[in-house]
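Note sheet for the following structure.
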Amino acid sequence: MPRLVLALIASRLAAPILNLGMLLAIVSTHGSYAVGGVALTGFSIALAVCVPLSGRLVDRFHPRPVLLGVLAVHALAYAAAVIGMTRQAPAWMLVVAAIALGASTPPSAPVIRSTWPAIVPAEHTRTAYALDAVLNEVMVVTGTLLVSVLVALASPVAAVAVAGVCTVLGVLTLLTVPTPRAPATAEPPGGKSRSRRALGPLADGRVRVLLGITAFDMLAFGCIVVGVSAAAASGGNPGLSGVLLGAYSVGAVVSALGYGMRHREARPRRQLVTFHTASAVLLVATGVAPGLVLAGVALLAVGLVSGPRDTLHQIVLGEVAPPRQRTEAFAWMSTFMWVGNGIGTAVAGQLVTRNEGDHTTTFLAAAIAAATAAACSLLLRSTLRIGATASPAPAASPR
């Protein structure tokens with residue numbers, strides 16, 4: 001457990017440091033946010049496409065050789081990016097390096113999430129996933145603050161280098177954790193069809209529903225980030241956007257910890273509908289709140305709902321995904337999160353621009369996304385249960 005937690009901290013810390021550090025480094029060397037934006041977009045798309053592929057390789061073979069092979073390519077991409085930024089390489093070379101970084105990102109998060117059920121007793125699985133969600137939230141905030149320190153003491157390129165060191169340390173620590181392979185499951189007579197084998201965990205209807213719910217959640221979060229920035233700017237205090245997002249993060253951390261310490265039987269469909277409906281209502285309240293103080297209180301309440309909701313996503317996906325395809329399932333979760341966040345940010349940006357800085361419609365869009373996630377939660381089978389001593393559910397044919 002300590003080694004797995006250390007691997008989680010190092011790997012999750014690398015992502016926010018790399019995103020912000022790479023943007024600042026490219027801007028400092030080329031003086032163009034456009035180039036930095038293209039580089040980050042290329043990085044995100046390459047990561048979203050390639051992480052499920054590496055996750056499938058982990059499920060088919062074993063984490064150790066896949067992680068080592070991908071890490072070797074990733075280290076070379078980091079070296080090329082750092083050298084290119086230091087020597088002020090042409091913009092297209094930096095974009096290519098960013099795409100290579102995204103394509104070669106080790107699937108550390110999916111491997112960690114698929115390892116929890118293998119090493120944690122069933123009655124503590126919920127706590128493990130809650131810890132995962134909490135550390136992810138904390139590392140996002142910590143990574144952003146660390147970039148500010150590194151830029152002040154050294155340079156943005158140093159922040160990119162630190163992100164690379166964190167990634168290497170995280171993967172090497174993860175390699176020391178025993179990751180037993182899931183037992184082979186019996187195939188139906190005649191075996192699986194070619195299309196089902198190609199789809200992998202996406203062939204299960206419940207997995208598809210959960211990934212769709214995750215995408216709508218991240219779409220709402222992308223709208224929240226842009227909406228908070230617009231609200232702070234329209235209120236005459238642009239610097240308060242970090243404080244408002246901090247209130248959201250505090251609520252998520254506290255509620256995820258509280259949810260993880262409960263050991264009562266969970267009814268996932270009912271809880272997901274409740275959490276997402278509450279999110280939609282609170283997001284509408286945030287958008288119409290008169291003043292930044294009340295908006296911050298509403299965002300704190302949104303965070304208190306999102307902590308257990310995000311934890312439940314991981315718990316349910318770990319339960320319903322076929323055991324031999326669990327890593328790929330969590331890799332697809334990362335992909336859907338990146339896609340949802342990107343769409344949400346783009347939609348919110350257009351809404352703020354068209355409404356001349358008004359943030360109300362942005363939070364309304366976030367509420368609509370949350371309400372859609374609540375509707376999607378109704379598609380989950382009503383018989384799905386997660387008990388305190390439940391074992392992973394076997395793979396079921398999709399409806």
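A note on labels: chains of the structure tokens are A, B, ... as shown, every chain counts residues from 1, and ligands are counted from 1 in their shown order.
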Checklist entry - Which polymer residues have any atom within 8 Å of an atom of Leu317 of chain A, counting only C-alpha atoms, with same-chain residues fewer than 3 positions away left out, as a PyMOL selection string? => result chain A and resi 207+210+313-314+320-321+329-330
Item to check | Residue with smallest distance to Asn237 of chain A - pool A:Val254, A:Ile83, A:Val293, A:Val302, counting only C-alpha atoms | outcome: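 Selected residue with least distance to Asn237 of chain A: A:Val293.
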Item to check | Nearest to Gly36 of chain A, chosen from A:Ala154, A:Ala374, A:Ala72, A:Val95, with only C-alpha atoms counted in the distances | outcome: A:Val95
Checklist entry - Hey, which of A:Ala25, A:Ala48, A:Ala89, A:Val111 ends up closest to His62 of chain A? Count only C-alpha atoms. => result A:Val111
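Take the candidates A:Gly37, A:Gly296, A:Gly21, A:Gly349 and check each one against Ala158 of chain A using only C-alpha atoms; the shortest distance goes to A:Gly21.
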Next on the checklist: Could you tell me how far atom CA of Leu169 of chain A sits from atom CA of Ser11 of chain A, in Å to one decimal place?
Outcome noted: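 One can read the atom CA of Ser11 of chain A to atom CA of Leu169 of chain A distance as 7.8 Å.
Nearest residue to Val250 of chain A among A:Ile17, A:Val141, A:Val281, A:Leu379 is A:Val141, counting only C-alpha atoms.
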Next on the checklist: I'd like the neighbourhood of Met85 of chain A as a list of chain:residue names, where a residue qualifies if any of its atoms comes within 9 Å (using only C-alpha atoms), though same-chain residues fewer than 2 positions away should be ignored.
Outcome noted: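 Once the nearby chain positions are removed, what remains is A:Met22, A:Ala25, A:Ile26, A:Thr29, A:Ala80, A:Ala81, A:Val82, A:Ile83, A:Arg87, A:Gln88, A:Ala89, A:Leu94, A:Val157.
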For the residues selected in the previous step, produce a file with C-alpha atoms as a PDB file, in the first residue's frame.
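As written to disk, selection-v7.pdb reads:
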```
ATOM      1  CA  MET A  22       4.884  23.288 -20.904  1.00  0.00           C
ATOM      2  CA  ALA A  25       7.857  27.338 -21.309  1.00  0.00           C
ATOM      3  CA  ILE A  26       6.609  27.600 -24.892  1.00  0.00           C
ATOM      4  CA  THR A  29      10.550  30.919 -25.702  1.00  0.00           C
ATOM      5  CA  ALA A  80      13.580  16.152 -26.762  1.00  0.00           C
ATOM      6  CA  ALA A  81      11.017  18.578 -25.329  1.00  0.00           C
ATOM      7  CA  VAL A  82      13.383  19.992 -22.699  1.00  0.00           C
ATOM      8  CA  ILE A  83      16.252  20.376 -25.169  1.00  0.00           C
ATOM      9  CA  ARG A  87      17.541  25.859 -27.397  1.00  0.00           C
ATOM     10  CA  GLN A  88      14.431  27.640 -28.707  1.00  0.00           C
ATOM     11  CA  ALA A  89      13.657  25.048 -31.353  1.00  0.00           C
ATOM     12  CA  LEU A  94       7.879  21.594 -29.883  1.00  0.00           C
ATOM     13  CA  VAL A 157      11.630  24.563 -18.527  1.00  0.00           C
TER      14      VAL A 157
END
```
Checklist entry - DSSP says alpha helix (DSSP H) for which residues of segment 198-370 of chain A? Put them as a PyMOL selection string? => result chain A and resi 198-199+205-234+241-260+268-288+292-320+326-354+360-370
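The neighbours of Asn19 of chain A here are the residues that come within 12 Å of it, using only C-alpha atoms and leaving out any residue fewer than 6 positions away in the same chain; they are Arg12, Leu13, Ala25, Ile26, Gly36, Gly37, Ala39, Leu40, Thr41, Gly42, Phe43, Ser44, Ala98, Leu101, Gly102, Val140, Gly143, Thr144, Val147, Pro156, Val157, Ala159, Val160, Ala161, Val162, Ala163 and Gly164 of chain A.
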Next on the checklist: So, with only C-alpha atoms as the atoms that count, which of A:Cys166, A:Leu67, A:Leu294, A:Leu300 lies closest to Ala252 of chain A?
Outcome noted: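 Looking at the shortest contact to Ala252 of chain A, the residue is A:Leu300.
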Next on the checklist: As an exercise, work out the distance from atom CA of Thr167 of chain A to atom CA of Ala97 of chain A in Å and give it to one decimal place.
Outcome noted: 16.3 Å
Checklist entry - What separation in Å, quoted to one decimal, exists between atom CA of Pro110 of chain A and atom CA of Leu135 of chain A? => result 14.6 Å
Item to check | Long-range neighbours of Leu244 of chain A as a list of chain:residue names, 9 Å cut-off, only C-alpha atoms, 2 positions minimum in chain | outcome: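 Listed by chain and then number, they are A:Val228, A:Ser229, A:Ala232, A:Leu240, A:Ser241, A:Gly242, A:Gly246, A:Ala247, A:Tyr248, A:Ser249, A:Leu292, A:Val293, A:Ala295, A:Gly296, A:Val297, A:Leu299, A:Leu300.
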Could you save those same residues with C-alpha atoms as a CSV table (one decimal), in the first residue's frame?
```csv
chain,number,residue,atom,x,y,z
A,228,VAL,CA,-15.4,30.8,-12.4
A,229,SER,CA,-12.7,32.8,-14.3
A,232,ALA,CA,-14.2,36.6,-11.0
A,240,LEU,CA,-10.2,35.2,-6.9
A,241,SER,CA,-10.8,32.6,-9.5
A,242,GLY,CA,-8.2,30.4,-7.8
A,246,GLY,CA,-10.0,26.1,-4.2
A,247,ALA,CA,-13.4,26.1,-2.4
A,248,TYR,CA,-14.6,23.5,-4.9
A,249,SER,CA,-11.5,21.3,-4.3
A,292,LEU,CA,-18.6,36.1,-5.4
A,293,VAL,CA,-19.0,35.1,-1.8
A,295,ALA,CA,-20.9,31.8,-5.5
A,296,GLY,CA,-18.0,30.4,-3.5
A,297,VAL,CA,-20.4,28.9,-1.0
A,299,LEU,CA,-19.1,25.9,-5.4
A,300,LEU,CA,-18.1,24.5,-2.0
```
Checklist entry - What's the 9 Å shell around Val51 of chain A, counting only C-alpha atoms, without same-chain residues fewer than 5 positions away, as number ranges by chain? => result A: 46, 56, 102-107, 110, 328, 331-332, 334-335
